[in-house]
file work35.txt (compact mmCIF, C-alpha atoms and all ligand atoms)
# COMPACT_ATOMS: atom_id res chain seq x y z
CA MET B 366 -52.31 -11.41 -9.53
CA PHE B 367 -51.84 -12.68 -13.01
CA GLU B 368 -49.56 -10.65 -15.19
CA VAL B 369 -49.68 -11.11 -18.93
CA PRO B 370 -46.16 -11.74 -20.19
CA PRO B 371 -45.29 -9.16 -22.81
CA TRP B 372 -45.05 -10.19 -26.44
CA GLU B 373 -41.55 -9.91 -27.71
CA ALA B 374 -40.48 -7.97 -30.74
CA GLY B 375 -41.74 -9.93 -33.70
CA ALA B 376 -44.57 -10.91 -31.38
CA GLU B 377 -44.50 -14.62 -31.73
CA ILE B 378 -42.77 -15.68 -28.56
CA ILE B 379 -44.27 -15.91 -25.14
CA GLU B 380 -42.48 -16.69 -21.97
CA PHE B 381 -42.72 -20.14 -20.48
CA LYS B 382 -41.72 -20.82 -16.96
CA PRO B 383 -41.78 -24.42 -15.84
CA VAL B 384 -43.79 -25.28 -12.76
CA ASN B 385 -42.92 -28.20 -10.56
CA ALA B 386 -45.20 -31.04 -9.56
CA SER B 387 -46.57 -29.18 -6.54
CA GLY B 388 -47.51 -26.21 -8.68
CA ASN B 389 -44.75 -23.89 -7.52
CA ALA B 390 -42.73 -22.07 -10.11
CA VAL B 391 -39.27 -23.50 -10.41
CA ALA B 392 -36.61 -20.96 -9.58
CA GLY B 393 -36.11 -19.37 -12.96
CA ALA B 394 -32.73 -19.61 -14.63
CA LYS B 395 -31.31 -16.11 -14.76
CA LYS B 396 -30.57 -14.58 -18.14
CA GLN B 397 -27.22 -15.81 -19.32
CA LYS B 398 -24.80 -14.43 -21.78
CA LYS B 399 -25.03 -16.02 -25.20
CA LYS B 400 -22.24 -18.42 -25.92
CA LYS B 401 -21.03 -19.57 -29.25
CA PRO B 402 -21.60 -23.28 -29.80
CA LYS B 403 -18.53 -25.33 -29.19
CA LYS B 404 -18.13 -27.30 -32.35
CA LYS B 405 -15.50 -29.67 -31.00
CA LYS B 406 -17.71 -30.69 -28.16
CA ALA B 407 -20.68 -31.19 -30.43
CA ALA B 408 -18.58 -33.40 -32.68
CA ALA B 409 -17.41 -35.45 -29.72
CA GLU B 410 -21.04 -35.88 -28.63
CA GLU B 411 -22.04 -36.90 -32.11
CA ALA B 412 -19.48 -39.71 -32.02
CA ASN B 413 -21.07 -41.23 -28.91
CA PRO B 414 -24.42 -42.97 -29.19
CA LYS B 415 -26.93 -40.79 -27.37
CA VAL B 416 -28.90 -43.62 -25.95
CA ASN B 417 -26.00 -44.99 -23.92
CA LYS B 418 -25.60 -41.69 -22.20
CA THR B 419 -29.13 -41.66 -20.88
CA PRO B 420 -29.11 -42.96 -17.33
CA GLY B 421 -30.95 -46.23 -17.17
CA ASN B 422 -32.67 -45.57 -13.87
CA PHE B 423 -34.32 -42.32 -14.93
CA SER B 424 -37.66 -42.82 -16.57
CA TYR B 425 -38.08 -39.38 -18.11
CA ARG B 426 -37.55 -40.51 -21.67
CA GLN B 427 -38.80 -43.99 -22.13
CA GLY B 428 -40.88 -43.47 -25.20
CA GLY B 429 -38.37 -43.48 -28.01
CA GLY B 430 -39.52 -42.29 -31.42
CA PRO B 431 -38.90 -39.06 -33.20
CA LEU B 432 -40.30 -36.83 -30.50
CA ALA B 433 -37.72 -38.46 -28.30
CA PRO B 434 -35.25 -38.22 -31.16
CA PRO B 435 -33.78 -41.64 -31.82
CA PRO B 436 -30.08 -42.40 -31.41
CA GLU B 437 -29.64 -42.98 -35.13
CA SER B 438 -30.54 -39.37 -35.97
CA SER B 439 -26.86 -38.51 -35.82
CA ASP B 440 -26.82 -36.57 -39.07
CA ASP B 441 -28.87 -33.72 -37.71
CA ASP B 442 -28.10 -32.27 -34.33
CA ASP B 443 -31.19 -30.06 -34.56
CA ASP B 444 -33.38 -33.12 -34.19
CA GLU B 445 -31.97 -33.94 -30.81
CA ASP B 446 -34.26 -33.38 -27.87
CA ASP B 447 -32.95 -30.89 -25.37
CA GLY B 448 -34.14 -33.11 -22.54
CA ILE B 449 -31.66 -35.74 -23.66
CA ARG B 450 -28.98 -33.11 -24.17
CA ALA B 451 -29.63 -31.74 -20.72
CA MET B 452 -29.33 -35.16 -19.22
CA ARG B 453 -26.05 -35.71 -20.95
CA LYS B 454 -24.59 -32.38 -20.06
CA VAL B 455 -25.94 -32.00 -16.63
CA LYS B 456 -23.04 -33.71 -14.94
CA ALA B 457 -20.79 -31.05 -16.33
CA GLY B 458 -22.96 -28.52 -14.53
CA ARG B 459 -24.39 -27.07 -17.69
CA ILE B 460 -27.71 -27.39 -19.38
CA GLU B 461 -28.07 -26.48 -22.96
CA LYS B 462 -31.04 -24.55 -24.17
CA GLN B 463 -32.96 -26.07 -27.04
CA ARG B 464 -32.09 -24.94 -30.51
CA PRO B 465 -35.14 -23.59 -32.29
CA PRO B 466 -35.94 -24.98 -35.73
CA ALA B 467 -34.30 -22.96 -38.47
CA GLN B 468 -37.57 -21.86 -40.02
CA ALA B 469 -39.12 -20.69 -36.78
CA THR B 470 -36.45 -18.49 -35.28
CA LYS B 471 -33.10 -17.10 -36.11
CA GLY B 472 -29.93 -17.43 -34.16
CA GLY B 473 -27.71 -20.25 -33.08
CA LYS B 474 -27.29 -22.51 -30.16
CA LYS B 475 -27.48 -20.90 -26.76
CA GLU B 476 -26.40 -22.45 -23.56
CA LEU B 477 -27.60 -21.85 -20.08
CA LYS B 478 -25.62 -22.50 -16.97
CA LEU B 479 -27.54 -24.75 -14.74
CA LYS B 480 -28.03 -23.35 -11.27
CA PRO B 481 -25.64 -25.17 -8.91
CA GLU B 482 -28.42 -26.64 -6.80
CA LEU B 483 -30.20 -27.85 -9.92
CA ALA B 484 -27.02 -29.36 -11.28
CA GLN B 485 -26.64 -31.11 -7.96
CA ALA B 486 -30.25 -32.29 -8.18
CA ALA B 487 -29.60 -33.62 -11.63
CA VAL B 488 -26.57 -35.56 -10.56
CA GLU B 489 -28.38 -36.97 -7.55
CA ALA B 490 -31.45 -37.87 -9.54
CA MET B 491 -29.38 -39.67 -12.10
CA GLU B 492 -27.10 -41.43 -9.66
CA ALA B 493 -29.62 -42.55 -7.08
CA THR B 494 -31.07 -45.94 -7.88
CA SER B 495 -33.92 -45.14 -5.52
CA SER B 496 -34.08 -41.73 -3.92
CA THR B 497 -35.68 -42.16 -0.56
CA THR B 498 -35.12 -38.87 1.24
CA PRO B 499 -37.69 -36.09 0.76
CA ALA B 500 -34.89 -33.70 -0.21
CA ALA B 501 -33.66 -35.98 -2.98
CA ASN B 502 -37.22 -36.46 -4.20
CA SER B 503 -37.88 -32.75 -4.34
CA LEU B 504 -34.63 -32.10 -6.20
CA ALA B 505 -35.40 -34.89 -8.61
CA SER B 506 -38.87 -33.50 -9.25
CA LYS B 507 -37.37 -30.05 -9.86
CA LEU B 508 -35.12 -31.54 -12.48
CA GLN B 509 -37.93 -33.54 -14.01
CA SER B 510 -39.96 -30.34 -14.27
CA GLU B 511 -37.10 -28.60 -16.08
CA LEU B 512 -36.84 -31.46 -18.52
CA LEU B 513 -40.59 -31.66 -18.99
CA GLY B 514 -40.63 -27.96 -19.90
CA GLY B 515 -37.86 -28.57 -22.39
CA ARG B 516 -39.67 -31.47 -23.94
CA PHE B 517 -42.91 -29.49 -24.19
CA ARG B 518 -41.15 -26.68 -26.01
CA TYR B 519 -39.47 -29.12 -28.36
CA ILE B 520 -42.70 -30.91 -29.28
CA ASN B 521 -44.53 -27.60 -29.59
CA GLU B 522 -41.98 -26.37 -32.11
CA GLN B 523 -42.28 -29.59 -34.06
CA LEU B 524 -46.05 -29.31 -34.26
CA TYR B 525 -45.86 -25.78 -35.58
CA SER B 526 -43.13 -26.33 -38.09
CA VAL B 527 -44.06 -29.54 -39.91
CA PRO B 528 -47.00 -30.50 -42.12
CA SER B 529 -49.71 -32.24 -40.10
CA ARG B 530 -48.96 -35.53 -41.87
CA LYS B 531 -45.53 -35.50 -40.28
CA ALA B 532 -46.88 -34.52 -36.86
CA GLU B 533 -49.23 -37.48 -37.09
CA ALA B 534 -46.34 -39.84 -37.83
CA LEU B 535 -44.31 -38.40 -34.97
CA PHE B 536 -47.04 -38.90 -32.39
CA ARG B 537 -47.91 -42.34 -33.73
CA GLN B 538 -44.39 -43.44 -33.01
CA ASP B 539 -44.19 -41.81 -29.60
CA SER B 540 -47.53 -41.40 -27.87
CA SER B 541 -45.77 -40.55 -24.58
CA ALA B 542 -44.85 -37.28 -26.27
CA PHE B 543 -48.53 -36.36 -26.23
CA GLU B 544 -48.70 -36.62 -22.44
CA ALA B 545 -45.54 -34.57 -22.12
CA TYR B 546 -46.95 -31.98 -24.50
CA HIS B 547 -50.23 -31.65 -22.63
CA ALA B 548 -48.57 -31.53 -19.21
CA GLY B 549 -46.62 -28.52 -20.51
CA TYR B 550 -49.69 -27.12 -22.24
CA ARG B 551 -51.68 -27.23 -18.99
CA GLN B 552 -48.98 -25.22 -17.26
CA GLN B 553 -49.04 -22.73 -20.10
CA VAL B 554 -52.82 -22.32 -19.95
CA GLU B 555 -52.52 -21.37 -16.29
CA LYS B 556 -50.35 -18.42 -17.28
CA TRP B 557 -52.87 -17.01 -19.72
CA PRO B 558 -55.41 -14.41 -18.67
CA THR B 559 -58.18 -16.78 -19.79
CA ASN B 560 -58.46 -20.14 -21.43
CA PRO B 561 -60.03 -19.47 -24.84
CA LEU B 562 -61.67 -22.87 -24.65
CA ASN B 563 -63.99 -21.50 -21.96
CA ARG B 564 -65.29 -18.90 -24.38
CA ILE B 565 -65.80 -21.56 -27.06
CA ILE B 566 -67.71 -23.66 -24.51
CA LYS B 567 -69.96 -20.67 -23.74
CA THR B 568 -70.62 -20.21 -27.46
CA ILE B 569 -71.44 -23.87 -28.02
CA LYS B 570 -73.82 -23.80 -25.05
CA LYS B 571 -75.86 -21.27 -27.05
CA VAL B 572 -76.23 -23.41 -30.19
CA PRO B 573 -79.15 -25.90 -30.29
CA LYS B 574 -78.52 -29.02 -28.22
CA THR B 575 -79.20 -31.11 -31.31
CA ALA B 576 -76.32 -29.55 -33.24
CA ILE B 577 -73.53 -32.03 -33.91
CA ILE B 578 -70.09 -30.70 -33.09
CA GLY B 579 -66.60 -31.65 -34.21
CA ASP B 580 -63.75 -30.62 -31.90
CA PHE B 581 -60.73 -30.58 -34.19
CA GLY B 582 -57.52 -30.90 -32.15
CA CYS B 583 -59.46 -31.44 -28.90
CA GLY B 584 -56.43 -32.10 -26.68
CA GLU B 585 -57.81 -33.63 -23.52
CA GLY B 586 -61.38 -33.32 -24.80
CA LYS B 587 -62.81 -30.83 -22.31
CA LEU B 588 -65.36 -29.42 -24.77
CA ALA B 589 -67.19 -32.75 -25.08
CA GLN B 590 -67.45 -32.95 -21.29
CA SER B 591 -68.80 -29.42 -20.98
CA VAL B 592 -71.72 -29.28 -23.43
CA PRO B 593 -74.86 -31.40 -23.86
CA ASN B 594 -74.33 -31.81 -27.63
CA LYS B 595 -72.93 -34.83 -29.42
CA VAL B 596 -69.27 -33.94 -29.87
CA TYR B 597 -66.79 -35.81 -32.02
CA SER B 598 -63.49 -35.08 -30.28
CA MET B 599 -60.46 -35.63 -32.47
CA ASP B 600 -56.74 -35.35 -31.93
CA LEU B 601 -53.53 -36.98 -33.07
CA VAL B 602 -53.55 -39.09 -29.92
CA ALA B 603 -56.65 -40.26 -28.04
CA ALA B 604 -56.25 -39.18 -24.44
CA ARG B 605 -59.59 -40.87 -23.61
CA SER B 606 -61.58 -43.70 -25.13
CA ASP B 607 -64.21 -41.35 -26.58
CA ILE B 608 -61.57 -39.34 -28.47
CA ILE B 609 -60.91 -40.27 -32.08
CA ALA B 610 -57.20 -40.52 -32.84
CA CYS B 611 -56.74 -39.03 -36.29
CA ASN B 612 -55.16 -36.28 -38.27
CA ILE B 613 -57.77 -33.54 -38.49
CA THR B 614 -56.91 -33.05 -42.15
CA ASN B 615 -58.30 -36.52 -42.77
CA THR B 616 -60.96 -37.57 -40.27
CA PRO B 617 -63.13 -40.69 -40.33
CA LEU B 618 -66.29 -38.50 -40.15
CA GLN B 619 -68.92 -38.80 -42.83
CA ALA B 620 -69.32 -36.03 -45.39
CA GLN B 621 -71.74 -33.29 -44.31
CA SER B 622 -72.32 -34.81 -40.90
CA LEU B 623 -71.48 -31.83 -38.64
CA ASP B 624 -73.27 -28.60 -37.80
CA VAL B 625 -70.28 -27.03 -36.07
CA ALA B 626 -66.50 -27.37 -36.30
CA VAL B 627 -64.32 -26.05 -33.47
CA TYR B 628 -60.59 -25.28 -33.67
CA CYS B 629 -59.34 -24.06 -30.32
CA LEU B 630 -55.61 -23.31 -30.55
CA SER B 631 -55.23 -26.32 -32.83
CA LEU B 632 -54.31 -24.63 -36.12
CA MET B 633 -50.82 -26.07 -35.93
CA GLY B 634 -48.90 -27.38 -38.89
CA THR B 635 -48.01 -25.77 -42.17
CA ASP B 636 -50.99 -26.94 -44.22
CA LEU B 637 -54.01 -25.17 -42.74
CA ASN B 638 -55.74 -25.18 -46.12
CA GLU B 639 -55.96 -28.96 -45.69
CA PHE B 640 -57.61 -28.45 -42.29
CA PHE B 641 -60.33 -26.26 -43.77
CA LEU B 642 -60.92 -28.42 -46.85
CA GLU B 643 -61.61 -31.29 -44.46
CA ALA B 644 -63.94 -29.03 -42.46
CA ASN B 645 -65.76 -28.24 -45.70
CA ARG B 646 -66.17 -31.95 -46.42
CA VAL B 647 -67.60 -32.89 -43.02
CA LEU B 648 -69.75 -29.80 -42.40
CA LYS B 649 -73.29 -29.40 -43.67
CA LEU B 650 -73.98 -26.43 -45.89
CA HIS B 651 -74.33 -23.35 -43.63
CA GLY B 652 -72.57 -25.16 -40.84
CA ASN B 653 -70.39 -22.98 -38.62
CA VAL B 654 -66.69 -22.97 -37.80
CA TYR B 655 -65.50 -21.45 -34.51
CA ILE B 656 -61.81 -20.67 -34.20
CA ALA B 657 -59.73 -19.40 -31.28
CA GLU B 658 -56.08 -18.66 -31.91
CA ILE B 659 -53.21 -16.75 -30.36
CA GLN B 660 -53.20 -13.17 -31.58
CA SER B 661 -49.51 -12.98 -32.34
CA ARG B 662 -49.75 -15.85 -34.82
CA PHE B 663 -51.53 -13.59 -37.30
CA GLU B 664 -49.42 -11.55 -39.63
CA ASP B 665 -52.37 -10.50 -41.75
CA VAL B 666 -55.88 -11.49 -40.73
CA ARG B 667 -57.10 -10.85 -44.29
CA GLU B 668 -54.83 -13.62 -45.57
CA PHE B 669 -56.37 -15.96 -43.04
CA VAL B 670 -59.89 -14.99 -44.09
CA ARG B 671 -58.88 -15.51 -47.74
CA CYS B 672 -57.60 -19.00 -46.97
CA LEU B 673 -60.93 -19.94 -45.41
CA SER B 674 -62.81 -18.33 -48.25
CA ALA B 675 -60.92 -20.48 -50.76
CA CYS B 676 -62.10 -23.46 -48.71
CA GLY B 677 -65.74 -22.39 -48.98
CA PHE B 678 -66.21 -20.36 -45.78
CA ASP B 679 -67.42 -16.79 -45.34
CA LEU B 680 -66.50 -14.74 -42.31
CA VAL B 681 -69.46 -14.16 -39.99
CA LYS B 682 -67.78 -12.58 -36.98
CA LYS B 683 -64.32 -11.81 -35.79
CA ASP B 684 -63.16 -10.59 -32.43
CA VAL B 685 -59.64 -9.35 -32.93
CA ALA B 686 -59.87 -6.70 -30.25
CA VAL B 687 -59.34 -8.92 -27.27
CA ASN B 688 -55.76 -9.10 -26.11
CA TYR B 689 -53.91 -12.32 -26.47
CA PHE B 690 -56.50 -14.36 -28.44
CA TYR B 691 -58.48 -13.86 -31.64
CA PHE B 692 -61.88 -15.46 -32.15
CA PHE B 693 -63.59 -16.10 -35.48
CA GLN B 694 -66.84 -17.51 -36.73
CA PHE B 695 -67.10 -18.67 -40.34
CA LYS B 696 -69.99 -20.25 -42.21
CA LYS B 697 -69.77 -22.85 -44.95
CA MET B 698 -71.36 -21.23 -47.99
CA ARG B 699 -70.33 -23.62 -50.74
CA HIS B 700 -68.99 -27.11 -51.19
CA VAL B 701 -65.32 -27.19 -52.13
CA PRO B 702 -63.94 -30.64 -53.02
CA LYS B 703 -61.02 -31.97 -51.02
CA THR B 704 -59.11 -32.50 -54.21
CA THR B 705 -58.98 -28.73 -54.83
CA LYS B 706 -55.35 -27.64 -55.09
CA LEU B 707 -54.68 -24.63 -52.87
CA LYS B 708 -51.54 -22.82 -51.89
CA ALA B 709 -50.23 -24.03 -48.52
CA PHE B 710 -51.22 -21.64 -45.76
CA SER B 711 -49.92 -21.39 -42.21
CA LEU B 712 -49.94 -19.01 -39.28
CA LYS B 713 -46.79 -17.94 -37.48
CA PRO B 714 -45.64 -20.50 -34.92
CA CYS B 715 -46.18 -19.73 -31.27
CA LEU B 716 -43.01 -20.63 -29.45
CA TYR B 717 -42.66 -20.75 -25.71
CA ARG B 718 -39.44 -19.88 -24.09
CA LYS B 719 -37.93 -20.82 -20.83
CA ARG B 720 -37.25 -17.95 -18.48
N1 LIG B 801 -58.33 -27.65 -28.26
C1 LIG B 801 -57.72 -28.10 -27.04
C2 LIG B 801 -56.24 -28.46 -27.21
C3 LIG B 801 -55.34 -27.36 -27.70
S1 LIG B 801 -53.65 -27.89 -27.90
C4 LIG B 801 -57.89 -27.06 -25.96
O1 LIG B 801 -58.22 -25.93 -26.26
O2 LIG B 801 -57.67 -27.40 -24.80
C5 LIG B 801 -53.63 -28.18 -29.64
C6 LIG B 801 -54.01 -29.60 -29.98
O3 LIG B 801 -54.15 -29.68 -31.39
C7 LIG B 801 -52.95 -30.62 -29.59
O4 LIG B 801 -53.54 -31.60 -28.78
C8 LIG B 801 -52.49 -31.19 -30.90
O5 LIG B 801 -52.19 -32.57 -30.83
C9 LIG B 801 -53.72 -30.95 -31.78
N2 LIG B 801 -53.40 -30.97 -33.20
C10 LIG B 801 -52.57 -30.16 -33.87
N3 LIG B 801 -52.51 -30.52 -35.16
C11 LIG B 801 -53.32 -31.59 -35.31
C12 LIG B 801 -53.67 -32.44 -36.41
N4 LIG B 801 -53.18 -32.25 -37.62
N5 LIG B 801 -54.54 -33.44 -36.19
C13 LIG B 801 -55.06 -33.66 -34.96
N6 LIG B 801 -54.77 -32.89 -33.89
C14 LIG B 801 -53.90 -31.88 -34.06

call {"tool": "encode", "arguments": {"input": "work35.txt", "output": "structure tokens"}}
result
Amino acid sequence: MFEVPPWEAGAEIIEFKPVNASGNAVAGAKKQKKKKPKKKKAAAEEANPKVNKTPGNFSYRQGGGPLAPPPESSDDDDDEDDGIRAMRKVKAGRIEKQRPPAQATKGGKKELKLKPELAQAAVEAMEATSSTTPAANSLASKLQSELLGGRFRYINEQLYSVPSRKAEALFRQDSSAFEAYHAGYRQQVEKWPTNPLNRIIKTIKKVPKTAIIGDFGCGEGKLAQSVPNKVYSMDLVAARSDIIACNITNTPLQAQSLDVAVYCLSLMGTDLNEFFLEANRVLKLHGNVYIAEIQSRFEDVREFVRCLSACGFDLVKKDVAVNYFYFFQFKKMRHVPKTTKLKAFSLKPCLYRKR
């Protein structure tokens, strides 16, 4: 039976446990004692170009770009992807846990000891030019799953801690990061009691079929496939040909062309006021906004409502009673020009943690 992982103190972190390709949970790394970062070692690593340390025969990180932090980013160790770090350290039998961005969490670098069999898998996966035995394949896929989880968490943190303009630039330079993000996201959804998108789909099925919908931050675009309405699906990367690749703060949609705007777990970034000013531009007067977000991201729901109000929206309904997710409906009551200067508004980041 599904068990909801408890929210941690501070309530912004939920547990993330990687799942391997066949859907089985990877043997979780046991809790390890915190270790102080070894500065000498870090300095030594800094001196060596990261790219040369990545094994050539392992295709995990082919993309390049900032979400696969480039070798020249040597001035900031925080920018380094933990997948790459894991690959580099794995031969030593240790895998280093990602360092959270300074603004999202406190604390320093933590390291995890890699389980011996996983360390072995890592070494084999890296050394084998072509692994032919089923055992080697399964070990390699275990390792890949670990790394995928690490990459998902890294990208997720980036999306929550930078302005959407920067997220757009990051994905533009490394579209493979989007696949990695959504592979991790799919695993995460399976751990939730429900997928909030299903509730949004139910809601949209009740609006007139002629209503024109915008799905802002559509991910893989399931909403468009689930309702009879015309849906403009938008995300930073187009996972399908009918999805519009754009920053949802600046869409190619015509002014006042939508009846409904949907944001399902897509209020990422540190400039949510820009999201809602764009919604105001593209929505018709009295058009509706439906929002689903993770409960623990809200410090003060009234602040959130105020942000939307400044962007021209009045609260119609809120469901903040349901565990895990909050749901809101707002209505556009007035036109607010995009050029309006508003204080930047963001919700708390939702960080997933390996366990
Ligand atoms: N709504 C989908 C996907 C949720 S994941 C679902 O419920 O299944 C959040 C999505 O929001 C990601 O795909 C991410 O790329 C997208 N997103 C976040 N900020 C964005 C922005 N500024 N512009 C476009 N998409 C954004």

call {"tool": "closest_residue", "arguments": {"input": "work35.txt", "among": "B:Leu680, B:Ile577, B:Ile656, B:Cys611", "to": "ligand LIG 801 (chain B)", "atoms": "only C-alpha atoms and all ligand atoms"}}
result
B:Cys611

call {"tool": "atom_distance", "arguments": {"input": "work35.txt", "atom1": "atom CA of Arg646 of chain B", "atom2": "atom CA of Asn563 of chain B"}}
result
26.7 Å

call {"tool": "closest_atom_pairs", "arguments": {"input": "work35.txt", "of": "chain B", "to": "ligand LIG 801 (chain B)", "cutoff": "9 Å", "atoms": "only C-alpha atoms and all ligand atoms", "output": "tab-separated table"}}
result
residue	atom	partner	partner_atom	distance
B:Asn521	CA	B:LIG801	C8	8.8
B:Leu524	CA	B:LIG801	C10	6.6
B:Tyr525	CA	B:LIG801	N3	8.2
B:Pro528	CA	B:LIG801	N4	7.8
B:Ser529	CA	B:LIG801	N4	4.3
B:Arg530	CA	B:LIG801	N4	6.8
B:Lys531	CA	B:LIG801	N4	8.7
B:Ala532	CA	B:LIG801	N4	6.7
B:Glu533	CA	B:LIG801	N4	6.6
B:Phe536	CA	B:LIG801	O5	8.3
B:Phe543	CA	B:LIG801	O5	7.0
B:Tyr546	CA	B:LIG801	O4	7.9
B:His547	CA	B:LIG801	O4	7.0
B:Tyr550	CA	B:LIG801	S1	7.0
B:Arg551	CA	B:LIG801	O2	8.3
B:Val554	CA	B:LIG801	O2	8.5
B:Asn560	CA	B:LIG801	O1	7.5
B:Pro561	CA	B:LIG801	O1	6.9
B:Leu562	CA	B:LIG801	O1	4.9
B:Asn563	CA	B:LIG801	O1	8.5
B:Ile565	CA	B:LIG801	O1	8.8
B:Asp580	CA	B:LIG801	N1	7.2
B:Phe581	CA	B:LIG801	N6	6.4
B:Gly582	CA	B:LIG801	O3	3.7
B:Cys583	CA	B:LIG801	N1	4.0
B:Gly584	CA	B:LIG801	O4	3.6
B:Glu585	CA	B:LIG801	O2	6.4
B:Gly586	CA	B:LIG801	C1	6.8
B:Lys587	CA	B:LIG801	O2	6.7
B:Leu588	CA	B:LIG801	C4	7.9
B:Met599	CA	B:LIG801	C13	6.3
B:Asp600	CA	B:LIG801	N6	3.7
B:Leu601	CA	B:LIG801	C13	4.1
B:Val602	CA	B:LIG801	O5	6.7
B:Ala610	CA	B:LIG801	C13	7.5
B:Cys611	CA	B:LIG801	C13	5.8
B:Asn612	CA	B:LIG801	N5	3.6
B:Ile613	CA	B:LIG801	N5	4.0
B:Thr614	CA	B:LIG801	N4	5.9
B:Asn615	CA	B:LIG801	N5	8.2
B:Thr616	CA	B:LIG801	N5	8.7
B:Val627	CA	B:LIG801	N1	8.1
B:Tyr628	CA	B:LIG801	N1	6.3
B:Cys629	CA	B:LIG801	N1	4.3
B:Leu630	CA	B:LIG801	C3	5.0
B:Ser631	CA	B:LIG801	O3	3.8
B:Leu632	CA	B:LIG801	C10	6.2
B:Met633	CA	B:LIG801	N3	4.8
B:Gly634	CA	B:LIG801	N3	6.1
B:Asp636	CA	B:LIG801	N4	8.7
B:Leu637	CA	B:LIG801	N4	8.8
B:Phe640	CA	B:LIG801	N4	7.5
B:Ala657	CA	B:LIG801	O1	8.4

call {"tool": "atom_distance", "arguments": {"input": "work35.txt", "atom1": "atom CA of Thr704 of chain B", "atom2": "atom CA of Ala644 of chain B"}}
result
13.2 Å

call {"tool": "atom_distance", "arguments": {"input": "work35.txt", "atom1": "atom CA of Ser526 of chain B", "atom2": "atom CA of Pro702 of chain B"}}
result
26.0 Å

call {"tool": "closest_residue", "arguments": {"input": "work35.txt", "among": "B:Ala548, B:Val625, B:Ala542, B:Ile609", "to": "Ala576 of chain B", "atoms": "all atoms listed in the file"}}
result
B:Val625

call {"tool": "residues_around", "arguments": {"input": "work35.txt", "residues": "Val701 of chain B", "least_positions_apart": "4", "cutoff": "9 Å", "atoms": "all atoms listed in the file", "output": "NGL selection string"}}
result
:B and (642 or 645-646 or 675-677 or 705)

call {"tool": "closest_residue", "arguments": {"input": "work35.txt", "among": "B:Lys713, B:His651, B:Arg718, B:Lys708", "to": "Phe663 of chain B", "atoms": "all atoms listed in the file"}}
result
B:Lys713

call {"tool": "closest_residue", "arguments": {"input": "work35.txt", "among": "B:Gly514, B:Gly652, B:Gly579, B:Pro499", "to": "Arg699 of chain B", "atoms": "all atoms listed in the file"}}
result
B:Gly652
